[in-house]
$ cat target_17.txt   # compact mmCIF, C-alpha atoms (C1' of nucleotides)
# COMPACT_ATOMS: atom_id res chain seq x y z
CA MET X 1 9.32 33.90 42.54
CA THR X 2 11.96 31.28 43.12
CA THR X 3 11.05 30.70 46.74
CA VAL X 4 11.70 27.25 48.10
CA ARG X 5 8.48 25.44 48.80
CA ARG X 6 8.17 22.72 51.36
CA SER X 7 6.86 20.41 48.65
CA ASP X 8 9.87 20.70 46.35
CA ALA X 9 11.29 17.38 47.52
CA THR X 10 8.01 15.67 46.68
CA ARG X 11 7.83 17.35 43.30
CA ALA X 12 11.33 16.14 42.51
CA ALA X 13 10.56 12.61 43.68
CA ILE X 14 7.52 12.50 41.43
CA LEU X 15 9.54 13.72 38.46
CA GLU X 16 12.27 11.16 39.00
CA ALA X 17 9.83 8.30 39.40
CA ALA X 18 7.98 9.49 36.30
CA ARG X 19 11.15 9.53 34.22
CA GLU X 20 11.99 6.00 35.28
CA ARG X 21 8.51 4.69 34.59
CA PHE X 22 8.13 6.44 31.25
CA ALA X 23 11.56 5.20 30.21
CA SER X 24 10.94 1.58 31.10
CA ASP X 25 7.21 1.20 30.43
CA GLY X 26 6.23 3.77 27.80
CA TYR X 27 3.39 6.22 28.12
CA GLU X 28 0.33 3.99 28.45
CA ARG X 29 1.73 1.46 30.88
CA ALA X 30 3.41 4.04 33.08
CA THR X 31 0.40 4.61 35.32
CA ILE X 32 0.04 7.56 37.66
CA ARG X 33 -0.65 5.12 40.44
CA ALA X 34 2.63 3.30 39.88
CA ILE X 35 4.59 6.54 39.64
CA ALA X 36 3.03 7.76 42.88
CA ARG X 37 3.83 4.46 44.59
CA ASP X 38 7.48 4.75 43.49
CA ALA X 39 7.61 8.30 44.81
CA GLY X 40 6.00 7.21 48.08
CA ILE X 41 3.00 9.51 47.89
CA ASP X 42 -0.64 9.51 46.89
CA PRO X 43 -1.70 9.54 43.22
CA SER X 44 -3.77 12.65 43.80
CA MET X 45 -0.62 14.61 44.60
CA VAL X 46 0.62 14.00 41.08
CA MET X 47 -2.53 15.57 39.72
CA ARG X 48 -2.30 18.54 42.05
CA TYR X 49 1.28 19.32 41.11
CA TYR X 50 1.25 18.53 37.40
CA GLY X 51 -2.40 18.87 36.42
CA SER X 52 -2.70 15.76 34.30
CA LYS X 53 -0.76 12.81 32.98
CA GLN X 54 0.11 14.75 29.83
CA GLY X 55 1.35 17.61 32.00
CA LEU X 56 3.49 15.23 33.99
CA PHE X 57 5.03 13.80 30.85
CA ALA X 58 5.70 17.27 29.49
CA ALA X 59 7.54 18.13 32.71
CA ALA X 60 9.39 14.82 32.83
CA SER X 61 10.59 15.10 29.25
CA ALA X 62 11.81 18.68 29.28
CA ILE X 63 15.22 17.92 27.89
CA GLU X 64 18.21 19.90 26.88
CA ILE X 65 20.49 17.97 24.59
CA GLY X 66 23.12 20.60 25.30
CA MET X 67 24.86 20.45 21.96
CA PRO X 68 28.58 21.08 22.16
CA GLU X 69 30.23 23.87 20.22
CA LEU X 70 31.10 22.18 16.97
CA GLY X 71 32.10 25.33 15.11
CA ALA X 72 35.33 25.40 17.07
CA LEU X 73 36.70 22.09 15.84
CA PRO X 74 37.75 21.07 12.33
CA ALA X 75 34.88 19.93 10.12
CA GLN X 76 36.26 16.45 9.64
CA HIS X 77 35.96 15.65 13.37
CA VAL X 78 32.31 16.52 13.67
CA GLY X 79 31.18 12.91 13.27
CA VAL X 80 33.21 11.63 16.20
CA ALA X 81 32.20 14.56 18.40
CA LEU X 82 28.51 14.16 17.63
CA VAL X 83 28.28 10.41 18.19
CA THR X 84 30.37 10.58 21.36
CA HIS X 85 28.21 13.33 22.76
CA PHE X 86 24.92 11.61 22.05
CA LEU X 87 26.15 8.37 23.53
CA ASP X 88 27.19 10.16 26.71
CA ARG X 89 23.90 11.95 27.04
CA TRP X 90 21.90 8.81 26.45
CA GLU X 91 23.75 6.80 29.04
CA SER X 92 23.52 9.46 31.72
CA ASP X 93 19.89 10.52 31.31
CA GLU X 94 17.05 8.08 31.13
CA ALA X 95 14.72 10.89 30.09
CA LEU X 96 16.09 10.41 26.58
CA THR X 97 15.06 6.79 26.51
CA ALA X 98 11.70 7.83 27.91
CA MET X 99 11.29 10.39 25.15
CA LEU X 100 12.10 7.82 22.48
CA ARG X 101 9.84 5.15 23.93
CA VAL X 102 6.93 7.52 24.34
CA GLY X 103 7.49 9.20 20.98
CA VAL X 104 6.74 5.92 19.27
CA THR X 105 3.23 5.50 20.67
CA ASN X 106 2.16 8.96 21.77
CA GLU X 107 1.57 11.87 19.44
CA VAL X 108 2.70 14.46 21.93
CA GLY X 109 5.81 12.40 22.47
CA ALA X 110 6.52 12.27 18.74
CA ALA X 111 6.10 16.03 18.49
CA ARG X 112 8.58 16.35 21.35
CA VAL X 113 11.15 14.35 19.40
CA HIS X 114 10.58 16.55 16.34
CA GLU X 115 11.09 19.71 18.40
CA ILE X 116 14.24 18.54 20.06
CA PHE X 117 15.88 17.36 16.89
CA ALA X 118 14.87 20.44 14.95
CA ALA X 119 16.05 22.78 17.68
CA GLN X 120 19.23 21.00 18.72
CA LEU X 121 20.48 19.03 15.74
CA GLY X 122 19.25 21.45 13.08
CA PRO X 123 21.59 24.36 13.78
CA VAL X 124 24.63 22.12 14.04
CA THR X 125 23.87 20.57 10.68
CA ARG X 126 23.28 23.95 9.08
CA GLY X 127 26.67 25.17 10.23
CA VAL X 128 28.62 22.19 8.94
CA CYS X 129 27.11 20.85 5.74
CA PRO X 130 28.12 22.23 2.34
CA ASP X 131 24.73 23.39 1.01
CA PRO X 132 22.36 24.85 3.66
CA ALA X 133 19.41 24.00 1.40
CA ASP X 134 19.60 20.28 2.13
CA ALA X 135 20.53 20.66 5.78
CA PRO X 136 17.17 19.24 6.96
CA ARG X 137 17.65 16.10 4.89
CA ARG X 138 21.12 15.59 6.27
CA ALA X 139 19.88 16.16 9.82
CA ALA X 140 17.21 13.52 9.26
CA LEU X 141 19.82 11.06 8.03
CA VAL X 142 21.96 11.70 11.10
CA ALA X 143 18.88 11.30 13.28
CA SER X 144 18.06 8.00 11.62
CA GLN X 145 21.45 6.54 12.52
CA ILE X 146 21.66 7.97 16.03
CA LEU X 147 18.08 7.18 17.01
CA GLY X 148 18.47 3.77 15.38
CA MET X 149 21.46 2.97 17.55
CA ALA X 150 19.62 4.26 20.63
CA LEU X 151 16.70 2.05 19.64
CA VAL X 152 18.60 -1.22 19.39
CA ARG X 153 20.97 -0.44 22.28
CA TYR X 154 18.73 1.14 24.93
CA VAL X 155 15.17 0.19 24.03
CA LEU X 156 15.09 -3.11 22.15
CA LEU X 157 18.24 -4.26 23.94
CA LEU X 158 19.55 -6.27 20.99
CA PRO X 159 22.36 -8.24 22.67
CA PRO X 160 25.24 -7.47 20.26
CA ALA X 161 24.35 -3.77 20.37
CA VAL X 162 24.26 -3.76 24.17
CA GLU X 163 27.58 -5.55 24.47
CA MET X 164 29.53 -3.21 22.23
CA SER X 165 31.71 -0.71 24.06
CA ALA X 166 31.05 2.98 23.63
CA GLU X 167 34.36 3.40 21.81
CA GLU X 168 33.43 0.67 19.40
CA VAL X 169 30.07 2.27 18.66
CA VAL X 170 31.75 5.60 18.03
CA ALA X 171 34.33 4.02 15.74
CA TRP X 172 31.63 2.42 13.60
CA LEU X 173 29.06 5.21 13.59
CA ALA X 174 31.22 8.32 13.37
CA PRO X 175 32.20 7.85 9.70
CA THR X 176 28.54 7.34 8.84
CA VAL X 177 27.45 10.54 10.55
CA GLN X 178 30.42 12.38 9.10
CA ARG X 179 29.42 11.32 5.60
CA TYR X 180 25.76 12.27 6.09
CA LEU X 181 26.87 15.73 7.17
CA THR X 182 29.70 16.66 4.84
CA ALA X 183 29.85 14.33 1.83
CA GLU X 184 28.42 15.70 -1.36
CA ALA X 185 24.93 14.48 -2.16
CA PRO X 186 24.91 11.21 -4.13
CA MET D 1 -6.16 -30.33 7.43
CA THR D 2 -6.21 -27.35 5.09
CA THR D 3 -9.97 -27.41 4.66
CA VAL D 4 -11.61 -24.07 4.04
CA ARG D 5 -13.69 -23.02 6.98
CA ARG D 6 -16.65 -20.72 6.69
CA SER D 7 -15.03 -18.38 9.20
CA ASP D 8 -11.84 -17.81 7.24
CA ALA D 9 -13.08 -14.48 5.90
CA THR D 10 -13.75 -13.27 9.41
CA ARG D 11 -10.39 -14.49 10.64
CA ALA D 12 -8.69 -12.59 7.84
CA ALA D 13 -10.71 -9.45 8.51
CA ILE D 14 -9.72 -9.55 12.17
CA LEU D 15 -6.08 -10.01 11.27
CA GLU D 16 -6.10 -7.13 8.82
CA ALA D 17 -7.84 -4.80 11.25
CA ALA D 18 -5.40 -5.86 13.97
CA ARG D 19 -2.38 -5.10 11.80
CA GLU D 20 -3.72 -1.64 11.02
CA ARG D 21 -4.51 -0.85 14.62
CA PHE D 22 -1.25 -2.20 16.01
CA ALA D 23 0.65 -0.28 13.36
CA SER D 24 -1.02 3.04 14.00
CA ASP D 25 -1.75 2.89 17.73
CA GLY D 26 0.79 0.55 19.30
CA TYR D 27 -0.04 -2.37 21.56
CA GLU D 28 -1.78 -0.75 24.51
CA ARG D 29 -4.01 1.64 22.63
CA ALA D 30 -5.01 -0.87 19.98
CA THR D 31 -8.02 -2.23 21.86
CA ILE D 32 -9.75 -5.47 21.01
CA ARG D 33 -13.02 -3.59 20.86
CA ALA D 34 -11.68 -1.18 18.24
CA ILE D 35 -10.20 -4.00 16.17
CA ALA D 36 -13.49 -5.89 16.31
CA ARG D 37 -15.39 -2.76 15.29
CA ASP D 38 -13.09 -2.31 12.29
CA ALA D 39 -13.59 -5.93 11.31
CA GLY D 40 -17.36 -5.57 11.72
CA ILE D 41 -17.81 -8.31 14.30
CA ASP D 42 -18.12 -8.81 18.03
CA PRO D 43 -15.09 -8.49 20.34
CA SER D 44 -15.70 -11.96 21.72
CA MET D 45 -14.97 -13.45 18.30
CA VAL D 46 -11.44 -12.16 18.54
CA MET D 47 -11.01 -14.03 21.78
CA ARG D 48 -12.49 -17.20 20.39
CA TYR D 49 -10.24 -17.24 17.34
CA TYR D 50 -7.00 -15.95 18.84
CA GLY D 51 -7.32 -16.77 22.52
CA SER D 52 -6.06 -13.49 23.92
CA LYS D 53 -4.75 -10.11 22.92
CA GLN D 54 -1.20 -11.44 23.05
CA GLY D 55 -2.24 -14.31 20.81
CA LEU D 56 -3.78 -11.90 18.35
CA PHE D 57 -0.62 -9.85 18.23
CA ALA D 58 1.47 -12.96 17.74
CA ALA D 59 -0.69 -13.92 14.77
CA ALA D 60 -0.76 -10.40 13.36
CA SER D 61 2.99 -10.02 13.53
CA ALA D 62 3.96 -13.35 12.01
CA ILE D 63 6.23 -11.89 9.40
CA GLU D 64 8.49 -13.24 6.78
CA ILE D 65 11.06 -10.73 5.73
CA GLY D 66 11.71 -12.95 2.76
CA MET D 67 15.37 -12.19 2.39
CA PRO D 68 16.60 -12.25 -1.19
CA GLU D 69 19.40 -14.50 -2.28
CA LEU D 70 22.43 -12.36 -1.71
CA GLY D 71 24.97 -15.09 -2.30
CA ALA D 72 24.29 -14.84 -6.00
CA LEU D 73 25.36 -11.25 -6.47
CA PRO D 74 28.80 -9.69 -6.05
CA ALA D 75 29.68 -8.80 -2.46
CA GLN D 76 30.04 -5.11 -3.18
CA HIS D 77 26.38 -4.78 -4.20
CA VAL D 78 24.97 -6.24 -1.02
CA GLY D 79 24.36 -2.83 0.57
CA VAL D 80 22.15 -1.58 -2.24
CA ALA D 81 20.25 -4.86 -2.43
CA LEU D 82 19.60 -4.97 1.30
CA VAL D 83 18.41 -1.40 1.72
CA THR D 84 16.23 -1.58 -1.38
CA HIS D 85 14.64 -4.77 -0.20
CA PHE D 86 13.88 -3.54 3.27
CA LEU D 87 12.39 -0.30 1.95
CA ASP D 88 10.13 -2.25 -0.38
CA ARG D 89 8.98 -4.58 2.35
CA TRP D 90 8.31 -1.74 4.76
CA GLU D 91 6.22 0.25 2.32
CA SER D 92 4.12 -2.71 1.25
CA ASP D 93 3.41 -4.29 4.64
CA GLU D 94 2.20 -2.33 7.61
CA ALA D 95 2.82 -5.34 9.84
CA LEU D 96 6.45 -4.25 9.89
CA THR D 97 5.57 -0.85 11.27
CA ALA D 98 3.28 -2.58 13.77
CA MET D 99 6.10 -4.84 14.86
CA LEU D 100 8.43 -1.89 15.37
CA ARG D 101 5.87 0.20 17.23
CA VAL D 102 4.88 -2.64 19.52
CA GLY D 103 8.45 -3.80 20.03
CA VAL D 104 9.23 -0.53 21.71
CA THR D 105 6.64 -0.83 24.49
CA ASN D 106 5.85 -4.52 24.72
CA GLU D 107 8.27 -7.20 25.81
CA VAL D 108 6.79 -9.85 23.58
CA GLY D 109 7.04 -7.39 20.72
CA ALA D 110 10.70 -6.73 21.43
CA ALA D 111 11.37 -10.46 21.51
CA ARG D 112 9.66 -10.72 18.14
CA VAL D 113 12.01 -8.12 16.69
CA HIS D 114 14.99 -10.03 18.10
CA GLU D 115 13.78 -13.27 16.53
CA ILE D 116 13.13 -11.82 13.14
CA PHE D 117 16.43 -10.05 12.90
CA ALA D 118 18.36 -13.01 14.20
CA ALA D 119 16.62 -15.43 11.86
CA GLN D 120 16.48 -13.29 8.74
CA LEU D 121 19.36 -10.84 8.88
CA GLY D 122 21.77 -13.10 10.73
CA PRO D 123 22.40 -15.67 7.99
CA VAL D 124 22.86 -13.00 5.32
CA THR D 125 25.44 -11.25 7.44
CA ARG D 126 27.24 -14.46 8.19
CA GLY D 127 27.57 -15.26 4.51
CA VAL D 128 28.96 -11.89 3.53
CA CYS D 129 31.16 -10.46 6.24
CA PRO D 130 34.88 -11.28 6.39
CA ASP D 131 35.11 -12.82 9.88
CA PRO D 132 32.09 -14.93 10.93
CA ALA D 133 32.99 -14.31 14.58
CA ASP D 134 31.80 -10.71 14.56
CA ALA D 135 28.80 -11.33 12.31
CA PRO D 136 26.32 -10.60 15.14
CA ARG D 137 27.91 -7.23 15.80
CA ARG D 138 27.74 -6.33 12.12
CA ALA D 139 24.13 -7.46 11.92
CA ALA D 140 23.28 -5.23 14.89
CA LEU D 141 24.94 -2.27 13.19
CA VAL D 142 22.96 -2.88 10.02
CA ALA D 143 19.80 -3.23 12.10
CA SER D 144 20.52 0.06 13.84
CA GLN D 145 20.63 1.93 10.54
CA ILE D 146 17.71 0.18 8.90
CA LEU D 147 15.43 0.28 11.93
CA GLY D 148 16.51 3.87 12.54
CA MET D 149 15.42 4.90 9.07
CA ALA D 150 12.15 3.00 9.50
CA LEU D 151 11.69 4.79 12.81
CA VAL D 152 12.06 8.35 11.52
CA ARG D 153 10.35 7.65 8.17
CA TYR D 154 7.38 5.44 9.09
CA VAL D 155 6.81 5.90 12.82
CA LEU D 156 7.98 9.33 13.94
CA LEU D 157 7.25 10.78 10.50
CA LEU D 158 10.09 13.28 10.60
CA PRO D 159 9.21 15.48 7.59
CA PRO D 160 12.56 15.44 5.74
CA ALA D 161 12.74 11.65 6.12
CA VAL D 162 9.21 11.22 4.81
CA GLU D 163 9.80 13.47 1.82
CA MET D 164 12.92 11.73 0.59
CA SER D 165 12.39 9.43 -2.38
CA ALA D 166 13.14 5.74 -2.01
CA GLU D 167 16.05 6.06 -4.46
CA GLU D 168 17.51 8.86 -2.40
CA VAL D 169 17.28 6.82 0.79
CA VAL D 170 18.98 3.89 -0.89
CA ALA D 171 21.73 6.12 -2.27
CA TRP D 172 22.51 7.49 1.18
CA LEU D 173 22.07 4.33 3.26
CA ALA D 174 23.54 1.64 1.01
CA PRO D 175 27.19 2.69 1.50
CA THR D 176 26.62 2.68 5.27
CA VAL D 177 25.19 -0.82 5.28
CA GLN D 178 27.85 -1.98 2.85
CA ARG D 179 30.57 -0.71 5.19
CA TYR D 180 28.98 -2.29 8.28
CA LEU D 181 28.94 -5.62 6.47
CA THR D 182 32.21 -5.82 4.62
CA ALA D 183 34.68 -3.20 5.86
CA GLU D 184 37.35 -4.44 8.19
CA ALA D 185 36.67 -3.71 11.86
CA PRO D 186 37.96 -0.29 12.97
C1' DG B 1 -36.61 -34.20 10.15
C1' DG B 2 -33.87 -34.37 14.01
C1' DT B 3 -29.19 -33.43 15.81
C1' DG B 4 -24.69 -31.86 16.59
C1' DT B 5 -21.34 -28.53 15.09
C1' DT B 6 -20.02 -23.97 13.67
C1' DG B 7 -20.39 -18.74 13.31
C1' DG B 8 -21.96 -15.02 15.64
C1' DT B 9 -24.34 -11.69 19.23
C1' DC B 10 -25.33 -9.91 23.81
C1' DA B 11 -24.74 -8.81 28.39
C1' DA B 12 -22.02 -9.00 32.07
C1' DC B 13 -17.85 -9.60 35.11
C1' DA B 14 -13.74 -8.04 37.49
C1' DT B 15 -10.23 -4.88 37.23
C1' DC B 16 -7.78 -1.00 36.27
C1' DC B 17 -7.37 3.72 34.77
C1' DG B 18 -7.22 9.12 35.20
C1' DT B 19 -9.27 12.24 37.85
C1' DT B 20 -11.94 14.72 41.69
C1' DG B 21 -13.48 16.48 46.16
C1' DG B 22 -13.46 16.25 51.01
C1' DC B 23 -10.93 16.20 55.18
C1' DA B 24 -7.08 15.86 58.66
C1' DA B 25 -2.54 17.43 60.10
C1' DC B 26 1.09 20.83 59.80
C1' DG B 27 3.51 25.56 59.75
C1' DG B 28 4.08 30.13 59.67
C1' DT B 29 1.86 34.68 60.96
C1' DA B 30 -0.69 38.13 63.39
C1' DT A 1 -3.90 31.60 70.62
C1' DA A 2 -6.51 31.95 66.46
C1' DC A 3 -6.14 31.84 61.69
C1' DC A 4 -5.18 30.41 56.92
C1' DG A 5 -2.60 28.53 53.16
C1' DT A 6 -0.01 24.34 52.28
C1' DT A 7 0.81 19.33 52.18
C1' DG A 8 -0.88 15.05 52.34
C1' DC A 9 -4.24 10.94 52.52
C1' DC A 10 -8.60 8.62 51.60
C1' DA A 11 -12.52 7.22 49.19
C1' DA A 12 -14.95 7.50 45.41
C1' DC A 13 -16.56 8.52 40.47
C1' DG A 14 -17.21 7.42 35.54
C1' DG A 15 -15.39 5.10 32.01
C1' DA A 16 -12.63 1.74 29.46
C1' DT A 17 -10.46 -2.71 29.05
C1' DG A 18 -9.62 -7.91 28.54
C1' DT A 19 -12.18 -11.74 29.09
C1' DT A 20 -16.15 -15.08 29.88
C1' DG A 21 -20.40 -17.66 29.42
C1' DA A 22 -25.16 -17.97 28.02
C1' DC A 23 -27.86 -17.81 24.14
C1' DC A 24 -29.45 -17.81 19.08
C1' DA A 25 -29.26 -18.83 13.90
C1' DA A 26 -27.52 -21.26 10.11
C1' DC A 27 -25.51 -25.17 8.20
C1' DA A 28 -23.98 -30.33 7.56
C1' DC A 29 -24.99 -34.92 8.13
C1' DC A 30 -27.58 -39.29 9.59
$ encode --input "target_17.txt" --output "structure tokens"
Amino acid sequence: MTTVRRSDATRAAILEAARERFASDGYERATIRAIARDAGIDPSMVMRYYGSKQGLFAAASAIEIGMPELGALPAQHVGVALVTHFLDRWESDEALTAMLRVGVTNEVGAARVHEIFAAQLGPVTRGVCPDPADAPRRAALVASQILGMALVRYVLLLPPAVEMSAEEVVAWLAPTVQRYLTAEAP
Amino acid sequence: MTTVRRSDATRAAILEAARERFASDGYERATIRAIARDAGIDPSMVMRYYGSKQGLFAAASAIEIGMPELGALPAQHVGVALVTHFLDRWESDEALTAMLRVGVTNEVGAARVHEIFAAQLGPVTRGVCPDPADAPRRAALVASQILGMALVRYVLLLPPAVEMSAEEVVAWLAPTVQRYLTAEAP
DNA sequence: GGTGTTGGTCAACATCCGTTGGCAACGGTA
DNA sequence: TACCGTTGCCAACGGATGTTGACCAACACC
């Protein structure tokens, strides 16, 4: 059932407009009317295609972090690889910013963040850290630093954080992430 | 003009209810009606005393981080002191969570976060780091880690982050903050 | 005791929101 | 050509929100 419908272009336009609005305005202020206006169609079309505002957000925030294969490279380079990868993803996909912004105010959004980090960051952590028993804790620590940087750099737009180059961010953050993953517990 | 007005109790009740609502619901979903109901008074009182919803938020998020005197203690203990202090403040004052939650969706809220971190964290950084020229960058790095931990622990409620003890958080985060402040730039 | 100020309630306004149902044009199919 | 599902627009509903102004009760002061 992968037939091409005539409305696919409209569906895509809605999804793109929704991602932009959710990313820049958050869940409550991203109104269906505004999204429809951006997409150049009527608000009722959004409802027909995605059922409800929650349904639209669920569709707009279906994200694959696409974790790289970290098992292949030496354990002491995991920090650099991880930070670099997240930075790339964040700068090329505003759905990530949308997810973060919505996760802060909306319960469904928060659950979405949980899912994604459990499913995508969890396995990587489990494969790298010394004792699998405290893998969740280490993953949470990594998440705190990576989401924190995303917060100040892409959401709060703290000037010094925005002005730093990607290389600089990696150089500062990679040792932190590396330590959270592989250093022995304090 | 510090006379005690008869309405001071009501003003305080409104402010407390507002802090709770802003902290748990964010700016948009924290309605004036709900805040007034919590405070046991009429919504119009909120308007009379605080002018507007923005005014109420401004009053509810007037925060003093109350930075400790870091100049007094040896430079290599600054990380521990800073993380400990922030953790204490965050767990004893829900206005901080409110500020973070609102800062993510509301522009005024974001500006408030900028202010507070510039005014409170800036000077500390400037006094401790080797080269005053890159103090803002170092402050932003520290903010990314501290706000990131606040995000996963108090807002997103990521289970492993919530379950960690305060001592554990300090033990993991302090070396990070210490490095962001005093290590030479990479 | 009258009078002005303060603390508080009530009802309403204008606006916006998510959502719904009806209806017109279009496109392929028989 | 006649038909029917699809795509789209339009107008409206019910409800919630921030905000306002009229009105009432208690208090302070002359």
$ interface_residues --input "target_17.txt" --of "chain A" --to "chain X" --cutoff "9 Å" --atoms "all atoms listed in the file" --output "number ranges by chain"
A: 6-9
$ write_last_selection --input "target_17.txt" --atoms "C-alpha atoms (C1' of nucleotides)" --output "PDB file, in the frame of the given file"
ATOM      1  C1'  DT A   6      -0.010  24.340  52.280  1.00  0.00           C
ATOM      2  C1'  DT A   7       0.810  19.330  52.180  1.00  0.00           C
ATOM      3  C1'  DG A   8      -0.880  15.050  52.340  1.00  0.00           C
ATOM      4  C1'  DC A   9      -4.240  10.940  52.520  1.00  0.00           C
TER       5       DC A   9
END
$ closest_atom_pairs --input "target_17.txt" --of "chain X" --to "chain D" --cutoff "7 Å" --atoms "only C-alpha atoms" --output "CSV"
residue,atom,partner,partner_atom,distance
X:Asp25,CA,D:Thr105,CA,6.3
X:Gly26,CA,D:Thr105,CA,5.7
X:Glu28,CA,D:Glu28,CA,6.5
X:Arg101,CA,D:Val104,CA,6.1
X:Val104,CA,D:Arg101,CA,6.1
X:Thr105,CA,D:Gly26,CA,5.7
X:Ala110,CA,D:Leu156,CA,5.8
X:His114,CA,D:Leu158,CA,6.6
X:Pro136,CA,D:Pro160,CA,6.1
X:Arg137,CA,D:Pro160,CA,5.2
X:Ala140,CA,D:Ala161,CA,5.8
X:Ser144,CA,D:Gly148,CA,4.5
X:Gln145,CA,D:Gln145,CA,5.1
X:Leu147,CA,D:Gly148,CA,5.8
X:Gly148,CA,D:Gly148,CA,3.5
X:Met149,CA,D:Ser144,CA,4.8
X:Val152,CA,D:Ser144,CA,6.0
X:Val155,CA,D:Val104,CA,6.4
X:Leu156,CA,D:Ala110,CA,5.7
X:Leu158,CA,D:His114,CA,6.6
X:Pro160,CA,D:Arg137,CA,5.2
X:Ala161,CA,D:Ala140,CA,5.8
X:Ala171,CA,D:Pro186,CA,6.3
X:Trp172,CA,D:Pro186,CA,6.9
X:Thr176,CA,D:Thr176,CA,6.2
X:Pro186,CA,D:Ala171,CA,6.3
$ closest_residue --input "target_17.txt" --among "B:DC17, B:DA30, B:DA12, B:DC23" --to "chain X" --atoms "all atoms listed in the file"
B:DC17
$ calpha_fit_rmsd --input "target_17.txt" --fixed "chain X" --moving "chain D"
0.2 Å
$ interface_residues --input "target_17.txt" --of "chain B" --to "chain X" --cutoff "12 Å" --atoms "all atoms listed in the file" --output "NGL selection string"
:B and (16-21 or 26-28)
$ atom_distance --input "target_17.txt" --atom1 "atom CA of Arg37 of chain X" --atom2 "atom CA of Phe22 of chain X"
14.2 Å
$ atom_distance --input "target_17.txt" --atom1 "atom CA of Met67 of chain D" --atom2 "atom CA of Ile14 of chain D"
27.1 Å
$ residues_around --input "target_17.txt" --residues "Ile65 of chain D" --least-positions-apart "6" --cutoff "8 Å" --atoms "all atoms listed in the file" --output "VMD selection string"
chain D and resid 89 116 120
$ atom_distance --input "target_17.txt" --atom1 "atom CA of Leu15 of chain D" --atom2 "atom CA of Ala59 of chain D"
7.5 Å
$ residues_near_point --input "target_17.txt" --point "(-14.9, -2.0, 31.9)" --cutoff "9 Å" --atoms "all atoms listed in the file" --output "PDB file with C-alpha atoms (C1' of nucleotides), in the coordinates of the input"
ATOM      1  C1'  DC B  13     -17.850  -9.600  35.110  1.00  0.00           C
ATOM      2  C1'  DA B  14     -13.740  -8.040  37.490  1.00  0.00           C
ATOM      3  C1'  DT B  15     -10.230  -4.880  37.230  1.00  0.00           C
ATOM      4  C1'  DC B  16      -7.780  -1.000  36.270  1.00  0.00           C
TER       5       DC B  16
ATOM      6  C1'  DG A  15     -15.390   5.100  32.010  1.00  0.00           C
ATOM      7  C1'  DA A  16     -12.630   1.740  29.460  1.00  0.00           C
ATOM      8  C1'  DT A  17     -10.460  -2.710  29.050  1.00  0.00           C
ATOM      9  C1'  DG A  18      -9.620  -7.910  28.540  1.00  0.00           C
TER      10       DG A  18
END
$ residues_around --input "target_17.txt" --residues "DG4 of chain B" --least-positions-apart "3" --cutoff "12 Å" --atoms "only C-alpha atoms (C1' of nucleotides)" --output "count of residues only"
4
$ decode --input "target_17.txt" --residues "segment 142-153 of chain D" --atoms "C-alpha atoms" --output "tab-separated table (two decimals), in the first residue's frame"
chain	number	residue	atom	x	y	z
D	142	VAL	CA	29.34	25.70	32.80
D	143	ALA	CA	25.75	26.80	32.15
D	144	SER	CA	25.33	24.05	29.56
D	145	GLN	CA	26.24	21.36	32.07
D	146	ILE	CA	24.36	22.79	35.03
D	147	LEU	CA	21.20	23.66	33.10
D	148	GLY	CA	21.45	20.30	31.33
D	149	MET	CA	21.44	18.44	34.62
D	150	ALA	CA	18.55	20.60	35.86
D	151	LEU	CA	16.73	19.79	32.64
D	152	VAL	CA	16.95	16.00	32.85
D	153	ARG	CA	16.60	15.87	36.65
